[in-house]
file target-v6.txt (compact mmCIF, C-alpha atoms)
# COMPACT_ATOMS: atom_id res chain seq x y z
CA MET A 18 48.56 -119.64 -82.65
CA ASN A 19 51.32 -118.16 -84.74
CA ASP A 20 49.63 -116.51 -87.72
CA ALA A 21 52.80 -116.30 -89.83
CA LEU A 22 53.50 -120.00 -89.38
CA ALA A 23 49.85 -120.86 -90.04
CA ASN A 24 49.89 -118.84 -93.26
CA ALA A 25 53.10 -120.52 -94.36
CA ILE A 26 51.55 -123.93 -93.71
CA ILE A 27 48.43 -122.99 -95.67
CA GLY A 28 50.49 -121.73 -98.61
CA GLY A 29 52.80 -124.73 -98.60
CA ALA A 30 49.91 -127.16 -98.38
CA LEU A 31 48.10 -125.49 -101.28
CA VAL A 32 51.24 -125.55 -103.45
CA LEU A 33 51.77 -129.21 -102.59
CA ALA A 34 48.14 -129.98 -103.39
CA ALA A 35 48.58 -128.46 -106.85
CA VAL A 36 51.89 -130.22 -107.50
CA THR A 37 50.68 -133.63 -106.34
CA GLY A 38 47.46 -133.11 -108.29
CA VAL A 39 49.51 -132.60 -111.46
CA PHE A 40 51.57 -135.70 -110.73
CA SER A 41 48.36 -137.63 -110.16
CA TYR A 42 46.98 -136.45 -113.49
CA LEU A 43 50.25 -137.44 -115.22
CA ARG A 44 50.28 -140.82 -113.41
CA ARG A 45 53.81 -140.23 -112.13
CA PRO A 46 55.31 -141.28 -108.81
CA THR A 47 55.98 -138.61 -106.21
CA PRO A 48 59.48 -137.13 -106.65
CA ARG A 49 61.83 -136.99 -103.69
CA LEU A 50 61.74 -133.20 -103.64
CA VAL A 51 57.97 -133.27 -103.17
CA VAL A 52 58.33 -135.90 -100.44
CA ALA A 53 60.81 -133.61 -98.66
CA ALA A 54 58.41 -130.69 -98.98
CA VAL A 55 55.57 -132.78 -97.53
CA LEU A 56 57.77 -133.70 -94.57
CA MET A 57 58.68 -130.04 -94.06
CA VAL A 58 55.02 -128.99 -94.02
CA ALA A 59 54.19 -131.83 -91.62
CA SER A 60 57.02 -130.66 -89.36
CA ALA A 61 55.70 -127.10 -89.47
CA VAL A 62 52.26 -128.37 -88.47
CA LEU A 63 53.84 -130.14 -85.50
CA VAL A 64 55.62 -126.92 -84.48
CA GLN A 65 52.32 -125.03 -84.79
CA ALA A 66 50.63 -127.62 -82.57
CA VAL A 67 53.34 -127.20 -79.93
CA VAL A 68 52.99 -123.38 -80.09
CA ALA A 69 49.22 -123.69 -79.69
CA ALA A 70 49.58 -126.17 -76.81
CA VAL A 71 51.98 -123.83 -75.01
CA SER A 72 49.51 -120.96 -75.48
CA LEU A 73 46.74 -123.13 -74.03
CA ILE A 74 48.93 -124.08 -71.06
CA ASN A 75 49.73 -120.39 -70.48
CA GLY A 76 46.05 -119.64 -70.07
CA GLU A 77 45.00 -118.37 -73.49
CA ARG A 78 41.84 -120.29 -74.32
CA PRO A 79 39.39 -120.01 -77.18
CA GLN A 80 35.74 -120.12 -76.22
CA GLU A 81 35.27 -123.27 -78.32
CA LEU A 82 38.10 -125.21 -76.69
CA GLY A 83 36.86 -128.65 -77.75
CA THR A 84 36.56 -127.61 -81.38
CA PHE A 85 40.01 -126.05 -81.30
CA ILE A 86 41.63 -129.13 -79.76
CA GLY A 87 39.86 -131.39 -82.27
CA TYR A 88 41.11 -129.39 -85.23
CA LEU A 89 44.58 -129.19 -83.70
CA PHE A 90 44.75 -132.95 -83.08
CA PHE A 91 43.57 -133.93 -86.54
CA SER A 92 45.66 -131.29 -88.31
CA VAL A 93 48.72 -133.07 -86.94
CA LEU A 94 47.46 -136.44 -88.21
CA VAL A 95 46.00 -135.67 -91.64
CA LEU A 96 49.21 -135.14 -93.62
CA PRO A 97 51.13 -138.14 -92.19
CA ALA A 98 48.09 -140.35 -92.87
CA ALA A 99 47.79 -139.10 -96.46
CA PHE A 100 51.55 -139.48 -96.93
CA ALA A 101 51.51 -143.06 -95.63
CA TRP A 102 48.64 -143.93 -97.96
CA ALA A 103 50.42 -142.27 -100.88
CA ARG A 104 53.57 -144.29 -100.21
CA MET A 105 51.57 -147.54 -100.26
CA GLU A 106 50.06 -146.59 -103.64
CA PRO A 107 52.92 -144.88 -105.53
CA GLY A 108 51.00 -144.27 -108.76
CA ARG A 109 48.14 -142.00 -109.70
CA TRP A 110 45.89 -142.56 -106.70
CA GLY A 111 48.62 -142.08 -104.14
CA ASN A 112 49.33 -138.59 -105.42
CA GLY A 113 45.60 -137.92 -105.53
CA VAL A 114 45.24 -138.89 -101.88
CA LEU A 115 48.20 -136.69 -101.01
CA ALA A 116 46.62 -133.76 -102.89
CA VAL A 117 43.36 -134.21 -100.99
CA GLY A 118 45.29 -134.48 -97.71
CA CYS A 119 47.09 -131.21 -98.43
CA LEU A 120 43.82 -129.47 -99.28
CA THR A 121 42.26 -130.85 -96.10
CA LEU A 122 45.20 -129.63 -94.05
CA SER A 123 44.95 -126.12 -95.45
CA VAL A 124 41.24 -125.95 -94.58
CA MET A 125 41.91 -127.27 -91.08
CA ILE A 126 44.58 -124.65 -90.43
CA VAL A 127 42.23 -121.90 -91.66
CA ARG A 128 39.56 -123.17 -89.28
CA LEU A 129 42.09 -123.27 -86.42
CA GLN A 130 42.92 -119.62 -87.11
CA GLN A 131 39.24 -118.68 -87.22
CA VAL A 132 38.40 -120.42 -83.95
CA TRP A 133 41.46 -118.92 -82.26
CA ASP A 134 41.07 -115.37 -83.60
CA VAL A 135 37.33 -115.03 -83.05
CA THR A 136 37.13 -116.56 -79.60
CA GLY A 137 40.68 -116.84 -78.31
CA GLY A 138 43.63 -114.71 -77.30
call {"tool": "encode", "arguments": {"input": "target-v6.txt", "output": "structure tokens"}}
result
Amino acid sequence: MNDALANAIIGGALVLAAVTGVFSYLRRPTPRLVVAAVLMVASAVLVQAVVAAVSLINGERPQELGTFIGYLFFSVLVLPAAFAWARMEPGRWGNGVLAVGCLTLSVMIVRLQQVWDVTGG
């Protein structure tokens, strides 16, 4: 796990959660700049997953390997799923779903760091 990248993902996801929460409250569609930021965070999550997979292949293993792989797998899926749902519902609830997805992602990345740091390399 790359801690700097993980912290950047957490920060970006929390900022996006706040921004999309405001847009949800205002009942506004998601601006293109926010969509681009969501895609950037999703790309960073994918890079983090590749870094973690390479570390696993190189022999660094957390004690709770199943938990780590589960969090890693779903962290890659949560933001694209929330984004797809938000695009289908472009009004208030779409932004709300995107805000919840960003909050969920930030918690998942924190848990990945905890599992890796406490039990891993």
call {"tool": "closest_residue", "arguments": {"input": "target-v6.txt", "among": "A:Cys119, A:Ala61, A:Leu82, A:Val95", "to": "Val32 (chain A)", "atoms": "only C-alpha atoms"}}
result
A:Cys119
call {"tool": "axis_aligned_box", "arguments": {"input": "target-v6.txt", "around": "region 63-78 of chain A", "padding_each_side": "8 Å", "output": "AutoDock Vina command-line options"}}
result
--center_x 48.7 --center_y -124.3 --center_z -77.8 --size_x 29.8 --size_y 27.8 --size_z 31.4
call {"tool": "closest_residue", "arguments": {"input": "target-v6.txt", "among": "A:Ala25, A:Val52, A:Ala30, A:Val93", "to": "Pro107 (chain A)", "atoms": "only C-alpha atoms"}}
result
A:Val52
call {"tool": "residues_around", "arguments": {"input": "target-v6.txt", "residues": "region 62-79 of chain A", "least_positions_apart": "4", "cutoff": "12 Å", "atoms": "only C-alpha atoms", "output": "ChimeraX atom specification"}}
result
/A:18-27,29-30,55-58,83-97,119,122-123,125-126,129-138
call {"tool": "closest_residue", "arguments": {"input": "target-v6.txt", "among": "A:Asn112, A:Val127, A:Glu81, A:Ala98", "to": "Val51 (chain A)", "atoms": "only C-alpha atoms"}}
result
A:Asn112
call {"tool": "closest_residue", "arguments": {"input": "target-v6.txt", "among": "A:Arg128, A:Leu120, A:Arg45, A:Gly108", "to": "Gly28 (chain A)", "atoms": "only C-alpha atoms"}}
result
A:Leu120
